[in-house]
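Participant: Dumping the structure here so I can ask a few things about it.
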Amino acid sequence: MSMIDSATLPASAISEELATTAERLRASVVQVRAGRGGIGSGVIWQVAAAEGADPTATVVTNEHVVRAAGESQLTILVADGRVLPAEVFAHDPEHDLALLRVRAADLRPVAAGDSTALRVGELVFAVGNPFGHLNTVTSGIVAARAPLDPEWTLDPARSEAPEAPPTPPRADAESPRQRAGRTPDLIQSHLRLYPGNSGGPLVDARGQVVGINNMIGGGLAFAIPSRIVQQFVASAGAGAGTRPQLGVQVLDVELPDALRIRAGTTAPSAAMIAAVEPASSAEAAGLLPGDIVIGVAGHAIAGTGDLLLALGREPSGAPIALTIIRAGERQELRVTPQLPAAAAA
């Protein structure tokens with residue numbers, strides 16, 4: 001679909017184009033269910049052919065939606081009315097994302113967009129299943145690309161299944177605020193999300209998915225950028241046992257304003273190397289305990305979750321550029337992550 005140009009198209013044509021785009025998207029948006037009750041939305045992200053069997057579809061939703069199901073069997077309701085069993089096969093609590101696997105024919109994946117190119121003021125809209133109403137659309141504009149304001153209260157845009165109360169949080173579980181605060185370019189939009197929109201897509205005027213809606217607060221809607229979703233899907237597809245590794249132990253650390261300015265990063269936090277394993281890729285590259293990783297292959301790293309996802313995105317055996325802070329100074333290193341011995345055998 002071509003970009004909508006308001007300078008050359010009348011308002012009626014723009015309206016018609018947006019309506020057509022929303023109709024296409026509905027085929028790729030699902031309702032996530034626990035038992036017979038809807039608890040959120042999901043997006044068919046990719047579909048892979050399987051020899052002698054139905055294709056396998058990967059559905060992206062929020063981790064808090066999956067957690068709300070408790071012990072109930074998860075299913076998805078697709079646009080053509082089918083209810084399909086779904087299994088959870090990957091979690092990313094750091095970014096409130098989860099992946100479901102579904103086997104069925106005639107499922108249509110979305111077109112993923114580039115969230116890094118999204119600008120403040122752009123038109124966006126959300127498709128989801130608020131209050132059980134299927135494939136509802138709301139629209140608005142991008143208000144900001146920034147971490148969460150610490151003064152705001154966040155609520156998940158999720159419905160609760162009556163017969164499947166949410167699993168009580170662990171005593172050490174992080175709040176939505178803590179998780180959202182580690183995403184430096186959280187998409188904040190002036191559009192309305194309601195319970196049941198969680199896990200649904202945030203879409204630009206091109207009809208491409210630029211985020212996954214997950215929270216509301218401060219009069220704004222929040223979405224996880226598509227760049228993080230793509231990293232997560234790629235990492236999960238490789239499998240934890242085949243993900244390239246550096247051979248380090250890492251900790252999340254906050255970055256003081258003065259250090260961020262000196263290092264040229266806007267991320268509020270990063271991943272600090274706590275230990276380096278002997279004979280590892282990290283040792284060969286010269287990484288040291290105390291080094292703070294702020295970038296991988298040109299992508300900002302705001303914590304250990306970003307680091308893991310970035311490593312999963314890169315091909316094994318290929319050198320990648322690490323941007324680090326050492327002794328207060330920004331440096332670049334080249335490192336070649338390797339597969340675990342068991343996976344490489």
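For the structure tokens, the naming scheme is as follows: chains receive sequential letters (A, B, ...) according to their order of presentation, residues are indexed from 1 within each chain, and ligands are indexed from 1 in presentation order.
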Just asking: which residues within region 188-259 of chain A are alpha helix (DSSP H) according to DSSP, as a ChimeraX atom specification?
Facilitator: /A:226-238,257-259
Participant: In Å to one decimal, how far is CA of Pro93 (chain A) from CA of Val229 (chain A)?
Facilitator: 12.2 Å
Participant: Give me the residues within 12 Å of region 275-279 of chain A as a ChimeraX atom specification, counting only C-alpha atoms and dropping any in the same chain fewer than 4 places off.
Facilitator: /A:245-251,271,283-292,338
Participant: Kindly indicate which residue among A:Arg262, A:His95, A:His299, A:Arg103 lies nearest to Ala327 (chain A), using only C-alpha atoms for the distances.
Facilitator: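 Closest candidate: A:Arg262.
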Participant: Write out as a PyMOL selection string each polymer residue whose atoms come within 9 Å of Arg26 (chain A), counting only C-alpha atoms; drop sequence neighbours fewer than 6 positions from it.
Facilitator: chain A and resi 78-79+127-128+135-136
Participant: At a cut-off of 12 Å, using only C-alpha atoms, what residues contact Leu193 (chain A)? Leave out same-chain residues fewer than 6 positions from it and give the result as a PyMOL selection string.
Facilitator: chain A and resi 40-41+125-131+136-140+155-159+199-202+212-217+219-223
Participant: Given only C-alpha atoms as the basis, pick out the residue of A:Ile301, A:Leu74, A:Val102, A:Ala68 nearest to Ala53 (chain A).
Facilitator: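 Under the stated criterion, the closest residue is A:Val102.
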Participant: Extract, using only C-alpha atoms, all DNA, RNA and protein residues at most 6 Å from Ile44 (chain A), discarding same-chain residues fewer than 2 positions from it, and format them as number ranges by chain.
Facilitator: A: 28, 46, 58-59, 109
Participant: Of the candidates A:Val209, A:Ala117, A:Leu333, A:Ala297, which one gets nearest to Leu25 (chain A) if we count only C-alpha atoms?
Facilitator: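 Checking each candidate against Leu25 (chain A), we get A:Val209 as the closest.
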Participant: Just the number, please: distance in Å from CA of Asp106 (chain A) to CA of Val60 (chain A), one decimal.
Facilitator: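 Answer for the CA of Asp106 (chain A) to CA of Val60 (chain A) separation: 17.4 Å.
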Participant: Could you jot down the CA of Arg206 (chain A) to CA of Thr61 (chain A) separation for me, Å, one decimal place?
Facilitator: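 Answer for the CA of Arg206 (chain A) to CA of Thr61 (chain A) separation: 21.5 Å.
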Participant: I need the residue nearest Leu118 (chain A) from this list: A:Gly303, A:Gly81, A:Gly211, A:Pro319. Use only C-alpha atoms for the distance.
Facilitator: A:Gly211
Participant: Got a sec to tell me which of region 232-284 of chain A DSSP assigns to strand (DSSP E), as a VMD selection string?
Facilitator: chain A and resid 248 to 254 269 to 276
Participant: I want to know what sits within 12 Å of Ile261 (chain A), based on only C-alpha atoms, with residues of the same chain fewer than 5 positions away left out; could you give that as a list in words?
Facilitator: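 The residues that qualify are Leu255, Pro256, Thr266, Ala267, Pro268, Ile325, Gly328, Glu329 and Arg330 of chain A.
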Participant: Save out the residues we just selected, all heavy atoms, as a compact mmCIF listing (two decimals), in the first residue's frame.
Facilitator:
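Produced file part-v3.txt, reproduced below:
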```
# COMPACT_ATOMS: atom_id res chain seq x y z
N LEU A 255 21.90 4.94 33.87
CA LEU A 255 22.96 5.81 33.39
C LEU A 255 22.70 7.23 33.89
O LEU A 255 21.67 7.82 33.57
CB LEU A 255 23.01 5.81 31.87
CG LEU A 255 23.32 4.47 31.20
CD1 LEU A 255 23.30 4.63 29.67
CD2 LEU A 255 24.67 3.94 31.65
N PRO A 256 23.62 7.80 34.67
CA PRO A 256 23.46 9.20 35.09
C PRO A 256 23.42 10.12 33.88
O PRO A 256 24.00 9.82 32.82
CB PRO A 256 24.72 9.45 35.94
CG PRO A 256 25.21 8.09 36.32
CD PRO A 256 24.84 7.18 35.20
N THR A 266 20.74 8.33 24.49
CA THR A 266 19.54 8.84 25.16
C THR A 266 18.88 7.79 26.04
O THR A 266 17.90 8.08 26.73
CB THR A 266 18.51 9.30 24.12
OG1 THR A 266 18.18 8.20 23.25
CG2 THR A 266 19.07 10.45 23.28
N ALA A 267 19.40 6.55 26.04
CA ALA A 267 18.80 5.48 26.83
C ALA A 267 19.01 5.76 28.32
O ALA A 267 20.10 6.16 28.74
CB ALA A 267 19.41 4.13 26.47
N PRO A 268 17.99 5.53 29.15
CA PRO A 268 18.12 5.80 30.58
C PRO A 268 18.92 4.73 31.31
O PRO A 268 19.33 4.92 32.45
CB PRO A 268 16.68 5.82 31.07
CG PRO A 268 15.96 4.90 30.13
CD PRO A 268 16.62 5.09 28.80
N ILE A 325 30.74 1.79 27.13
CA ILE A 325 31.34 2.87 27.92
C ILE A 325 32.37 2.22 28.84
O ILE A 325 32.05 1.31 29.60
CB ILE A 325 30.28 3.60 28.76
CG1 ILE A 325 29.20 4.21 27.87
CG2 ILE A 325 30.93 4.69 29.61
CD1 ILE A 325 28.03 4.81 28.65
N GLY A 328 34.19 5.82 31.60
CA GLY A 328 33.51 7.06 31.27
C GLY A 328 33.60 7.49 29.83
O GLY A 328 33.01 8.51 29.44
N GLU A 329 34.32 6.71 29.00
CA GLU A 329 34.50 7.06 27.59
C GLU A 329 33.80 6.06 26.68
O GLU A 329 33.79 4.86 26.96
CB GLU A 329 35.99 7.12 27.24
CG GLU A 329 36.79 8.14 28.02
CD GLU A 329 36.38 9.57 27.70
OE1 GLU A 329 35.88 9.80 26.57
OE2 GLU A 329 36.55 10.45 28.56
N ARG A 330 33.24 6.55 25.60
CA ARG A 330 32.59 5.71 24.59
C ARG A 330 33.65 5.03 23.73
O ARG A 330 34.59 5.68 23.26
CB ARG A 330 31.67 6.58 23.74
CG ARG A 330 30.89 5.82 22.66
CD ARG A 330 30.12 6.81 21.80
NE ARG A 330 29.39 6.17 20.73
CZ ARG A 330 28.07 6.10 20.66
NH1 ARG A 330 27.33 6.66 21.61
NH2 ARG A 330 27.48 5.51 19.64
```
